[in-house]
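Source file: upload.cif; contents: mmCIF, N, CA and C atoms and all ligand atoms.
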data_upload
loop_
_atom_site.label_atom_id
_atom_site.label_comp_id
_atom_site.auth_asym_id
_atom_site.auth_seq_id
_atom_site.Cartn_x
_atom_site.Cartn_y
_atom_site.Cartn_z
N MET D 922 125.55 143.21 119.42
CA MET D 922 125.80 143.17 117.99
C MET D 922 126.86 144.23 117.65
N ILE D 923 127.88 143.80 116.95
CA ILE D 923 128.92 144.72 116.50
C ILE D 923 128.83 144.85 114.99
N ILE D 924 128.71 146.08 114.54
CA ILE D 924 128.62 146.34 113.10
C ILE D 924 129.90 147.05 112.67
N GLU D 925 130.61 146.43 111.76
CA GLU D 925 131.83 147.05 111.24
C GLU D 925 131.52 147.68 109.89
N THR D 926 131.99 148.92 109.73
CA THR D 926 131.80 149.62 108.46
C THR D 926 133.17 149.97 107.90
N LYS D 927 133.22 150.17 106.60
CA LYS D 927 134.48 150.52 105.93
C LYS D 927 134.96 151.89 106.38
N PHE D 928 134.03 152.81 106.62
CA PHE D 928 134.37 154.18 107.04
C PHE D 928 133.48 154.60 108.20
N ASP D 929 133.88 155.71 108.84
CA ASP D 929 133.12 156.23 109.97
C ASP D 929 132.80 157.71 109.71
N VAL D 930 131.91 158.25 110.49
CA VAL D 930 131.58 159.67 110.40
C VAL D 930 132.86 160.49 110.64
N GLY D 931 133.09 161.48 109.79
CA GLY D 931 134.27 162.33 109.90
C GLY D 931 135.43 161.86 109.04
N ASP D 932 135.39 160.63 108.54
CA ASP D 932 136.48 160.15 107.67
C ASP D 932 136.49 160.93 106.35
N LYS D 933 137.69 161.12 105.82
CA LYS D 933 137.86 161.76 104.52
C LYS D 933 137.99 160.68 103.47
N VAL D 934 137.25 160.83 102.39
CA VAL D 934 137.20 159.78 101.36
C VAL D 934 137.25 160.38 99.97
N TYR D 935 137.59 159.52 99.02
CA TYR D 935 137.48 159.87 97.61
C TYR D 935 136.36 159.03 97.00
N ILE D 936 135.70 159.62 96.04
CA ILE D 936 134.47 159.02 95.52
C ILE D 936 134.66 158.51 94.10
N LEU D 937 134.12 157.34 93.86
CA LEU D 937 134.00 156.81 92.51
C LEU D 937 132.71 157.39 91.94
N ASN D 938 132.81 158.07 90.84
CA ASN D 938 131.63 158.70 90.25
C ASN D 938 131.32 158.07 88.90
N LYS D 939 130.03 157.83 88.66
CA LYS D 939 129.61 157.23 87.40
C LYS D 939 128.78 158.22 86.61
N THR D 940 129.17 158.45 85.38
CA THR D 940 128.36 159.25 84.46
C THR D 940 128.12 158.39 83.22
N PHE D 941 127.34 158.91 82.30
CA PHE D 941 127.05 158.13 81.09
C PHE D 941 127.39 158.93 79.85
N LYS D 942 127.94 158.22 78.88
CA LYS D 942 128.19 158.80 77.57
C LYS D 942 127.14 158.19 76.64
N TYR D 943 126.45 159.07 75.91
CA TYR D 943 125.38 158.60 75.04
C TYR D 943 125.83 158.64 73.59
N ASP D 944 125.56 157.57 72.89
CA ASP D 944 125.87 157.49 71.47
C ASP D 944 124.64 157.00 70.72
N LYS D 945 124.60 157.33 69.44
CA LYS D 945 123.52 156.84 68.60
C LYS D 945 124.10 155.80 67.65
N THR D 946 123.33 154.75 67.42
CA THR D 946 123.74 153.74 66.47
C THR D 946 122.58 153.50 65.51
N THR D 947 122.88 153.35 64.25
CA THR D 947 121.84 153.16 63.24
C THR D 947 121.04 151.90 63.55
N CYS D 948 119.75 152.01 63.44
CA CYS D 948 118.86 150.89 63.72
C CYS D 948 119.15 149.76 62.74
N THR D 949 119.32 148.57 63.26
CA THR D 949 119.65 147.42 62.40
C THR D 949 118.41 146.82 61.74
N VAL D 950 117.23 147.16 62.23
CA VAL D 950 115.99 146.62 61.63
C VAL D 950 115.60 147.42 60.39
N CYS D 951 115.61 148.75 60.48
CA CYS D 951 115.18 149.58 59.35
C CYS D 951 116.36 150.23 58.63
N SER D 952 117.58 149.97 59.08
CA SER D 952 118.80 150.54 58.48
C SER D 952 118.76 152.07 58.47
N GLY D 953 118.09 152.66 59.41
CA GLY D 953 118.03 154.11 59.51
C GLY D 953 116.91 154.74 58.70
N ASN D 954 116.09 153.93 58.03
CA ASN D 954 115.01 154.46 57.18
C ASN D 954 113.76 154.85 57.97
N LYS D 955 113.69 154.52 59.21
CA LYS D 955 112.60 154.87 60.13
C LYS D 955 111.32 154.06 59.92
N THR D 956 111.21 153.39 58.80
CA THR D 956 110.01 152.60 58.52
C THR D 956 110.42 151.22 58.01
N ILE D 957 109.46 150.32 58.06
CA ILE D 957 109.65 148.99 57.48
C ILE D 957 108.47 148.71 56.57
N GLU D 958 108.65 147.84 55.62
CA GLU D 958 107.55 147.44 54.75
C GLU D 958 107.15 146.03 55.09
N THR D 959 105.85 145.82 55.19
CA THR D 959 105.35 144.48 55.50
C THR D 959 105.29 143.66 54.21
N THR D 960 105.08 142.37 54.36
CA THR D 960 105.04 141.49 53.18
C THR D 960 103.83 141.80 52.28
N ASN D 961 102.80 142.46 52.85
CA ASN D 961 101.64 142.81 52.01
C ASN D 961 101.69 144.28 51.57
N GLY D 962 102.87 144.90 51.61
CA GLY D 962 103.05 146.22 51.01
C GLY D 962 102.77 147.41 51.90
N LEU D 963 102.46 147.21 53.16
CA LEU D 963 102.21 148.34 54.06
C LEU D 963 103.54 148.91 54.57
N THR D 964 103.58 150.21 54.75
CA THR D 964 104.75 150.86 55.34
C THR D 964 104.39 151.23 56.78
N LEU D 965 105.18 150.74 57.70
CA LEU D 965 104.90 150.98 59.13
C LEU D 965 106.11 151.61 59.79
N GLU D 966 105.84 152.31 60.87
CA GLU D 966 106.92 152.84 61.69
C GLU D 966 107.74 151.67 62.22
N CYS D 967 109.03 151.80 62.17
CA CYS D 967 109.91 150.73 62.64
C CYS D 967 109.63 150.45 64.13
N PRO D 968 109.27 149.20 64.44
CA PRO D 968 108.96 148.89 65.85
C PRO D 968 110.21 148.84 66.74
N GLU D 969 111.37 148.69 66.14
CA GLU D 969 112.59 148.59 66.94
C GLU D 969 113.05 149.96 67.44
N CYS D 970 113.07 150.95 66.53
CA CYS D 970 113.58 152.28 66.91
C CYS D 970 112.45 153.29 67.07
N HIS D 971 111.22 152.86 66.91
CA HIS D 971 110.04 153.71 67.06
C HIS D 971 110.08 154.90 66.10
N GLY D 972 110.60 154.67 64.89
CA GLY D 972 110.60 155.71 63.87
C GLY D 972 111.72 156.72 63.98
N ASN D 973 112.70 156.46 64.80
CA ASN D 973 113.83 157.39 64.93
C ASN D 973 114.94 157.12 63.91
N GLY D 974 115.06 155.88 63.47
CA GLY D 974 116.14 155.52 62.57
C GLY D 974 117.42 155.16 63.28
N TYR D 975 117.45 155.38 64.55
CA TYR D 975 118.64 155.06 65.33
C TYR D 975 118.23 154.58 66.73
N LYS D 976 119.15 153.97 67.40
CA LYS D 976 118.95 153.60 68.80
C LYS D 976 120.00 154.32 69.62
N GLN D 977 119.59 154.78 70.76
CA GLN D 977 120.52 155.47 71.65
C GLN D 977 121.08 154.46 72.64
N ILE D 978 122.37 154.44 72.75
CA ILE D 978 123.01 153.54 73.69
C ILE D 978 123.78 154.37 74.72
N SER D 979 123.83 153.89 75.92
CA SER D 979 124.57 154.61 76.95
C SER D 979 125.71 153.73 77.46
N LYS D 980 126.82 154.37 77.72
CA LYS D 980 128.00 153.65 78.21
C LYS D 980 128.44 154.33 79.50
N PRO D 981 128.55 153.56 80.59
CA PRO D 981 128.99 154.19 81.84
C PRO D 981 130.47 154.56 81.79
N ILE D 982 130.77 155.72 82.32
CA ILE D 982 132.15 156.20 82.42
C ILE D 982 132.43 156.47 83.91
N TYR D 983 133.48 155.87 84.42
CA TYR D 983 133.82 156.03 85.83
C TYR D 983 135.04 156.93 85.98
N ALA D 984 135.00 157.79 86.98
CA ALA D 984 136.15 158.64 87.27
C ALA D 984 136.13 159.00 88.75
N ALA D 985 137.31 159.11 89.32
CA ALA D 985 137.41 159.52 90.72
C ALA D 985 137.23 161.03 90.80
N TRP D 986 136.48 161.47 91.79
CA TRP D 986 136.32 162.90 92.00
C TRP D 986 137.64 163.48 92.47
N ASN D 987 137.97 164.68 92.01
CA ASN D 987 139.18 165.35 92.47
C ASN D 987 139.09 165.79 93.92
N GLU D 988 137.88 166.14 94.31
CA GLU D 988 137.66 166.71 95.64
C GLU D 988 137.49 165.61 96.69
N GLN D 989 138.13 165.78 97.81
CA GLN D 989 137.98 164.85 98.92
C GLN D 989 136.70 165.19 99.68
N ALA D 990 135.99 164.17 100.10
CA ALA D 990 134.73 164.37 100.81
C ALA D 990 134.87 163.94 102.26
N ILE D 991 133.98 164.44 103.08
CA ILE D 991 133.94 164.05 104.49
C ILE D 991 132.58 163.39 104.76
N ILE D 992 132.62 162.26 105.42
CA ILE D 992 131.38 161.54 105.73
C ILE D 992 130.66 162.26 106.87
N LYS D 993 129.40 162.65 106.58
CA LYS D 993 128.60 163.38 107.57
C LYS D 993 127.75 162.44 108.41
N HIS D 994 127.30 161.36 107.80
CA HIS D 994 126.31 160.52 108.44
C HIS D 994 126.33 159.16 107.76
N LEU D 995 126.10 158.12 108.49
CA LEU D 995 125.97 156.81 107.84
C LEU D 995 124.77 156.07 108.39
N THR D 996 124.21 155.24 107.52
CA THR D 996 123.03 154.47 107.89
C THR D 996 123.28 153.01 107.54
N TYR D 997 123.09 152.14 108.50
CA TYR D 997 123.23 150.71 108.28
C TYR D 997 121.84 150.14 108.10
N GLN D 998 121.64 149.45 107.01
CA GLN D 998 120.32 148.86 106.75
C GLN D 998 120.45 147.35 106.65
N THR D 999 119.47 146.67 107.16
CA THR D 999 119.44 145.22 107.03
C THR D 999 118.02 144.79 106.72
N TRP D 1000 117.89 143.76 105.91
CA TRP D 1000 116.57 143.25 105.55
C TRP D 1000 116.71 141.78 105.20
N GLY D 1001 115.60 141.10 105.31
CA GLY D 1001 115.60 139.68 104.98
C GLY D 1001 116.58 138.92 105.89
N TYR D 1002 117.10 137.86 105.35
CA TYR D 1002 118.03 137.05 106.13
C TYR D 1002 119.44 137.31 105.66
N ASN D 1003 120.21 138.06 106.14
CA ASN D 1003 121.61 138.27 105.77
C ASN D 1003 121.83 139.28 104.65
N ASN D 1004 120.89 140.21 104.44
CA ASN D 1004 121.11 141.28 103.47
C ASN D 1004 121.37 142.57 104.25
N ASN D 1005 122.42 143.27 103.88
CA ASN D 1005 122.69 144.54 104.55
C ASN D 1005 123.51 145.45 103.65
N GLN D 1006 123.47 146.73 103.97
CA GLN D 1006 124.27 147.71 103.25
C GLN D 1006 124.45 148.93 104.13
N VAL D 1007 125.51 149.67 103.84
CA VAL D 1007 125.77 150.91 104.56
C VAL D 1007 125.66 152.06 103.57
N GLN D 1008 124.85 153.04 103.91
CA GLN D 1008 124.71 154.23 103.08
C GLN D 1008 125.46 155.38 103.76
N TYR D 1009 126.20 156.14 102.95
CA TYR D 1009 126.98 157.25 103.49
C TYR D 1009 126.48 158.57 102.92
N ASP D 1010 126.24 159.52 103.78
CA ASP D 1010 125.97 160.89 103.36
C ASP D 1010 127.29 161.63 103.48
N ILE D 1011 127.67 162.32 102.44
CA ILE D 1011 128.94 163.05 102.44
C ILE D 1011 128.69 164.53 102.23
N ASP D 1012 129.72 165.32 102.50
CA ASP D 1012 129.51 166.77 102.54
C ASP D 1012 129.46 167.46 101.18
N ILE D 1013 129.96 166.85 100.11
CA ILE D 1013 130.06 167.59 98.86
C ILE D 1013 128.98 167.25 97.84
N THR D 1014 128.08 166.35 98.17
CA THR D 1014 126.96 166.05 97.27
C THR D 1014 125.79 165.55 98.10
N ASP D 1015 124.60 165.71 97.55
CA ASP D 1015 123.42 165.19 98.22
C ASP D 1015 123.18 163.72 97.90
N LEU D 1016 123.99 163.18 96.97
CA LEU D 1016 123.82 161.79 96.58
C LEU D 1016 124.29 160.86 97.69
N ILE D 1017 123.55 159.80 97.91
CA ILE D 1017 123.95 158.78 98.87
C ILE D 1017 125.00 157.90 98.20
N LYS D 1018 126.04 157.58 98.92
CA LYS D 1018 127.10 156.72 98.39
C LYS D 1018 127.17 155.43 99.20
N TYR D 1019 127.67 154.39 98.54
CA TYR D 1019 127.79 153.09 99.18
C TYR D 1019 129.26 152.73 99.33
N GLU D 1020 129.54 151.70 100.13
CA GLU D 1020 130.94 151.38 100.45
C GLU D 1020 131.80 151.14 99.23
N HIS D 1021 131.25 150.51 98.21
CA HIS D 1021 132.06 150.20 97.02
C HIS D 1021 132.38 151.45 96.20
N GLU D 1022 131.78 152.60 96.57
CA GLU D 1022 132.03 153.84 95.83
C GLU D 1022 132.99 154.78 96.58
N LEU D 1023 133.43 154.39 97.75
CA LEU D 1023 134.28 155.26 98.58
C LEU D 1023 135.64 154.62 98.84
N PHE D 1024 136.69 155.47 98.81
CA PHE D 1024 138.06 154.98 98.97
C PHE D 1024 138.87 155.94 99.83
N LYS D 1025 139.92 155.41 100.47
CA LYS D 1025 140.78 156.24 101.31
C LYS D 1025 141.63 157.20 100.49
N THR D 1026 142.06 156.76 99.31
CA THR D 1026 142.92 157.61 98.49
C THR D 1026 142.31 157.78 97.10
N LYS D 1027 142.71 158.86 96.45
CA LYS D 1027 142.23 159.09 95.08
C LYS D 1027 142.78 158.01 94.15
N GLN D 1028 144.00 157.56 94.43
CA GLN D 1028 144.61 156.52 93.59
C GLN D 1028 143.79 155.22 93.65
N GLU D 1029 143.35 154.83 94.85
CA GLU D 1029 142.52 153.63 94.98
C GLU D 1029 141.21 153.79 94.20
N ALA D 1030 140.61 154.98 94.31
CA ALA D 1030 139.36 155.25 93.59
C ALA D 1030 139.57 155.18 92.09
N GLN D 1031 140.67 155.77 91.62
CA GLN D 1031 140.92 155.78 90.17
C GLN D 1031 141.24 154.38 89.65
N LEU D 1032 141.94 153.57 90.43
CA LEU D 1032 142.23 152.19 90.02
C LEU D 1032 140.93 151.41 89.83
N GLU D 1033 139.99 151.60 90.75
CA GLU D 1033 138.70 150.92 90.63
C GLU D 1033 137.95 151.44 89.40
N CYS D 1034 138.01 152.75 89.17
CA CYS D 1034 137.36 153.34 87.99
C CYS D 1034 137.97 152.75 86.72
N ASP D 1035 139.29 152.68 86.67
CA ASP D 1035 139.97 152.13 85.49
C ASP D 1035 139.54 150.70 85.24
N LYS D 1036 139.39 149.94 86.31
CA LYS D 1036 138.96 148.54 86.17
C LYS D 1036 137.54 148.47 85.58
N PHE D 1037 136.64 149.29 86.10
CA PHE D 1037 135.27 149.29 85.57
C PHE D 1037 135.24 149.76 84.12
N ASN D 1038 136.00 150.80 83.80
CA ASN D 1038 136.01 151.32 82.43
C ASN D 1038 136.60 150.30 81.47
N LYS D 1039 137.61 149.57 81.90
CA LYS D 1039 138.25 148.57 81.04
C LYS D 1039 137.32 147.38 80.82
N GLU D 1040 136.68 146.94 81.88
CA GLU D 1040 135.84 145.75 81.79
C GLU D 1040 134.43 146.07 81.32
N GLN D 1041 134.10 147.34 81.25
CA GLN D 1041 132.76 147.76 80.84
C GLN D 1041 131.67 147.14 81.71
N VAL D 1042 131.96 147.13 83.01
CA VAL D 1042 130.96 146.62 83.94
C VAL D 1042 130.30 147.78 84.66
N THR D 1043 129.14 147.53 85.19
CA THR D 1043 128.42 148.56 85.93
C THR D 1043 128.40 148.20 87.40
N CYS D 1044 128.74 149.18 88.23
CA CYS D 1044 128.65 148.92 89.67
C CYS D 1044 127.44 149.60 90.24
ZN ZN G 1101 114.41 151.19 63.08
#
Mind turning the file's structure into structure tokens?
Amino acid sequence: MIIETKFDVGDKVYILNKTFKYDKTTCTVCSGNKTIETTNGLTLECPECHGNGYKQISKPIYAAWNEQAIIKHLTYQTWGYNNNQVQYDIDITDLIKYEHELFKTKQEAQLECDKFNKEQVTC
């Protein structure tokens, strides 16, 4: 069995990093009043926002790390019938990274980040 991976131990890579920006939006059910009134006159905590008056939304923001990383270790996993993935341990973070998050150049990483940020997709 021959397993091909995008990168090998010792390769230098740039990382696609995902963070989240949090915003609040006024609850559309209670209009920010935190409560609703029932048809029989009861005032209840808004079930949509749980009495906050707003909902918190998160938006992923992608950016290439400035620092180049070195792959320390990789793990190939397979399960089921034809499912597999490669996990990479790198030297500058304890986070496990996957092939779609690693690039040979910072420019390649940033192009992928720009694509995700423009399309508002999550990887
Ligand atoms: Zn509400």
Tell me, in Å to one decimal, how far CA of Val1007 in chain D is from CA of Tyr1019 in chain D. 6.1 Å
Could you please extract the residues within 6.5 Å of ligand ZN 1101 (chain G), counting all atoms listed in the file, and hand them back as a ChimeraX atom specification? /D:948-956,967-975
Selected residues, N, CA and C atoms, written as a tab-separated table (two decimals), keeping the file's coordinate frame, please.
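Result written to part-v2.tsv:
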chain	number	residue	atom	x	y	z
D	948	CYS	N	119.75	152.01	63.44
D	948	CYS	CA	118.86	150.89	63.72
D	948	CYS	C	119.15	149.76	62.74
D	949	THR	N	119.32	148.57	63.26
D	949	THR	CA	119.65	147.42	62.40
D	949	THR	C	118.41	146.82	61.74
D	950	VAL	N	117.23	147.16	62.23
D	950	VAL	CA	115.99	146.62	61.63
D	950	VAL	C	115.60	147.42	60.39
D	951	CYS	N	115.61	148.75	60.48
D	951	CYS	CA	115.18	149.58	59.35
D	951	CYS	C	116.36	150.23	58.63
D	952	SER	N	117.58	149.97	59.08
D	952	SER	CA	118.80	150.54	58.48
D	952	SER	C	118.76	152.07	58.47
D	953	GLY	N	118.09	152.66	59.41
D	953	GLY	CA	118.03	154.11	59.51
D	953	GLY	C	116.91	154.74	58.70
D	954	ASN	N	116.09	153.93	58.03
D	954	ASN	CA	115.01	154.46	57.18
D	954	ASN	C	113.76	154.85	57.97
D	955	LYS	N	113.69	154.52	59.21
D	955	LYS	CA	112.60	154.87	60.13
D	955	LYS	C	111.32	154.06	59.92
D	956	THR	N	111.21	153.39	58.80
D	956	THR	CA	110.01	152.60	58.52
D	956	THR	C	110.42	151.22	58.01
D	967	CYS	N	109.03	151.80	62.17
D	967	CYS	CA	109.91	150.73	62.64
D	967	CYS	C	109.63	150.45	64.13
D	968	PRO	N	109.27	149.20	64.44
D	968	PRO	CA	108.96	148.89	65.85
D	968	PRO	C	110.21	148.84	66.74
D	969	GLU	N	111.37	148.69	66.14
D	969	GLU	CA	112.59	148.59	66.94
D	969	GLU	C	113.05	149.96	67.44
D	970	CYS	N	113.07	150.95	66.53
D	970	CYS	CA	113.58	152.28	66.91
D	970	CYS	C	112.45	153.29	67.07
D	971	HIS	N	111.22	152.86	66.91
D	971	HIS	CA	110.04	153.71	67.06
D	971	HIS	C	110.08	154.90	66.10
D	972	GLY	N	110.60	154.67	64.89
D	972	GLY	CA	110.60	155.71	63.87
D	972	GLY	C	111.72	156.72	63.98
D	973	ASN	N	112.70	156.46	64.80
D	973	ASN	CA	113.83	157.39	64.93
D	973	ASN	C	114.94	157.12	63.91
D	974	GLY	N	115.06	155.88	63.47
D	974	GLY	CA	116.14	155.52	62.57
D	974	GLY	C	117.42	155.16	63.28
D	975	TYR	N	117.45	155.38	64.55
D	975	TYR	CA	118.64	155.06	65.33
D	975	TYR	C	118.23	154.58	66.73
Counting only C-alpha atoms, which residue out of D:Val930, D:Ile992, D:Ile978, D:Ala1030 sits closest to Ile1017 in chain D? D:Ile992
When you look at Thr999 in chain D with a cut-off of 12 Å (counting only C-alpha atoms), what residues show up, excluding the ones that are within fewer than 5 positions of it in the same chain? I need them as a PyMOL selection string. chain D and resi 924+1004-1008
For a test of reading the model, state the distance in Å between CA of Lys945 in chain D and CA of Lys976 in chain D, rounded to one decimal. 5.6 Å
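For the atom pair formed by atom C of Glu988 in chain D and atom C of Lys933 in chain D, the distance is 8.4 Å, given to one decimal.
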Mind listing as a ChimeraX atom specification all residues within 9 Å of (135.2, 168.0, 102.4), counting only C-alpha atoms? /D:933-934,988-992,1011-1013
Output of the above residues as a PDB file, in the frame of the given file, restricted to N, CA and C atoms:
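As written to disk, out.pdb reads:
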ATOM      1  N   LYS D 933     137.690 161.120 105.820  1.00  0.00           N
ATOM      2  CA  LYS D 933     137.860 161.760 104.520  1.00  0.00           C
ATOM      3  C   LYS D 933     137.990 160.680 103.470  1.00  0.00           C
ATOM      4  N   VAL D 934     137.250 160.830 102.390  1.00  0.00           N
ATOM      5  CA  VAL D 934     137.200 159.780 101.360  1.00  0.00           C
ATOM      6  C   VAL D 934     137.250 160.380  99.970  1.00  0.00           C
ATOM      7  N   GLU D 988     137.880 166.140  94.310  1.00  0.00           N
ATOM      8  CA  GLU D 988     137.660 166.710  95.640  1.00  0.00           C
ATOM      9  C   GLU D 988     137.490 165.610  96.690  1.00  0.00           C
ATOM     10  N   GLN D 989     138.130 165.780  97.810  1.00  0.00           N
ATOM     11  CA  GLN D 989     137.980 164.850  98.920  1.00  0.00           C
ATOM     12  C   GLN D 989     136.700 165.190  99.680  1.00  0.00           C
ATOM     13  N   ALA D 990     135.990 164.170 100.100  1.00  0.00           N
ATOM     14  CA  ALA D 990     134.730 164.370 100.810  1.00  0.00           C
ATOM     15  C   ALA D 990     134.870 163.940 102.260  1.00  0.00           C
ATOM     16  N   ILE D 991     133.980 164.440 103.080  1.00  0.00           N
ATOM     17  CA  ILE D 991     133.940 164.050 104.490  1.00  0.00           C
ATOM     18  C   ILE D 991     132.580 163.390 104.760  1.00  0.00           C
ATOM     19  N   ILE D 992     132.620 162.260 105.420  1.00  0.00           N
ATOM     20  CA  ILE D 992     131.380 161.540 105.730  1.00  0.00           C
ATOM     21  C   ILE D 992     130.660 162.260 106.870  1.00  0.00           C
ATOM     22  N   ILE D1011     127.670 162.320 102.440  1.00  0.00           N
ATOM     23  CA  ILE D1011     128.940 163.050 102.440  1.00  0.00           C
ATOM     24  C   ILE D1011     128.690 164.530 102.230  1.00  0.00           C
ATOM     25  N   ASP D1012     129.720 165.320 102.500  1.00  0.00           N
ATOM     26  CA  ASP D1012     129.510 166.770 102.540  1.00  0.00           C
ATOM     27  C   ASP D1012     129.460 167.460 101.180  1.00  0.00           C
ATOM     28  N   ILE D1013     129.960 166.850 100.110  1.00  0.00           N
ATOM     29  CA  ILE D1013     130.060 167.590  98.860  1.00  0.00           C
ATOM     30  C   ILE D1013     128.980 167.250  97.840  1.00  0.00           C
TER      31      ILE D1013
END
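Of the listed residues (D:Ile957, D:Leu965, D:Met922, D:Ala985), D:Ala985 comes nearest to Glu1033 in chain D; the distances count only C-alpha atoms.
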Would you pick out the contacts of Leu937 in chain D at 6.5 Å or less, using all atoms listed in the file, so that residues sharing its chain but fewer than 5 positions from it are not included, and give the list as a ChimeraX atom specification? /D:983-986,1022-1024,1030
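Each of D:Thr946, D:Asp1010, D:Asp1015, D:Tyr997 was compared to Ile923 in chain D using only C-alpha atoms, and D:Tyr997 turns out to be the nearest.
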Write out as a list in words all residues of range 940-1030 of chain D that DSSP puts in helix (DSSP H, G or I) for this structure's backbone. Glu1020, His1021, Glu1022, Lys1027, Gln1028, Glu1029 and Ala1030 of chain D
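Proximity to Ser979 in chain D was assessed for D:Thr926, D:Thr1026, D:Thr996, D:Thr940 counting only C-alpha atoms; the smallest distance is recorded for D:Thr940.
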Tell me which protein, DNA and RNA residues are within 8 Å of Gln1041 in chain D, counting all atoms listed in the file, leaving out same-chain ones fewer than 5 positions away, and put them as a PyMOL selection string. chain D and resi 980-981+1035-1036
Deliver the residues from the most recent selection as a file, using N, CA and C atoms, as a PDB file, in the coordinates of the input.
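New file result_38.pdb:
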ATOM      1  N   LYS D 980     126.820 154.370  77.720  1.00  0.00           N
ATOM      2  CA  LYS D 980     128.000 153.650  78.210  1.00  0.00           C
ATOM      3  C   LYS D 980     128.440 154.330  79.500  1.00  0.00           C
ATOM      4  N   PRO D 981     128.550 153.560  80.590  1.00  0.00           N
ATOM      5  CA  PRO D 981     128.990 154.190  81.840  1.00  0.00           C
ATOM      6  C   PRO D 981     130.470 154.560  81.790  1.00  0.00           C
ATOM      7  N   ASP D1035     139.290 152.680  86.670  1.00  0.00           N
ATOM      8  CA  ASP D1035     139.970 152.130  85.490  1.00  0.00           C
ATOM      9  C   ASP D1035     139.540 150.700  85.240  1.00  0.00           C
ATOM     10  N   LYS D1036     139.390 149.940  86.310  1.00  0.00           N
ATOM     11  CA  LYS D1036     138.960 148.540  86.170  1.00  0.00           C
ATOM     12  C   LYS D1036     137.540 148.470  85.580  1.00  0.00           C
TER      13      LYS D1036
END
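With only N, CA and C atoms as the atoms that count, the residue of D:Glu1040, D:Lys993, D:Asn987, D:Thr964 with the shortest distance to Ile936 in chain D is D:Asn987.
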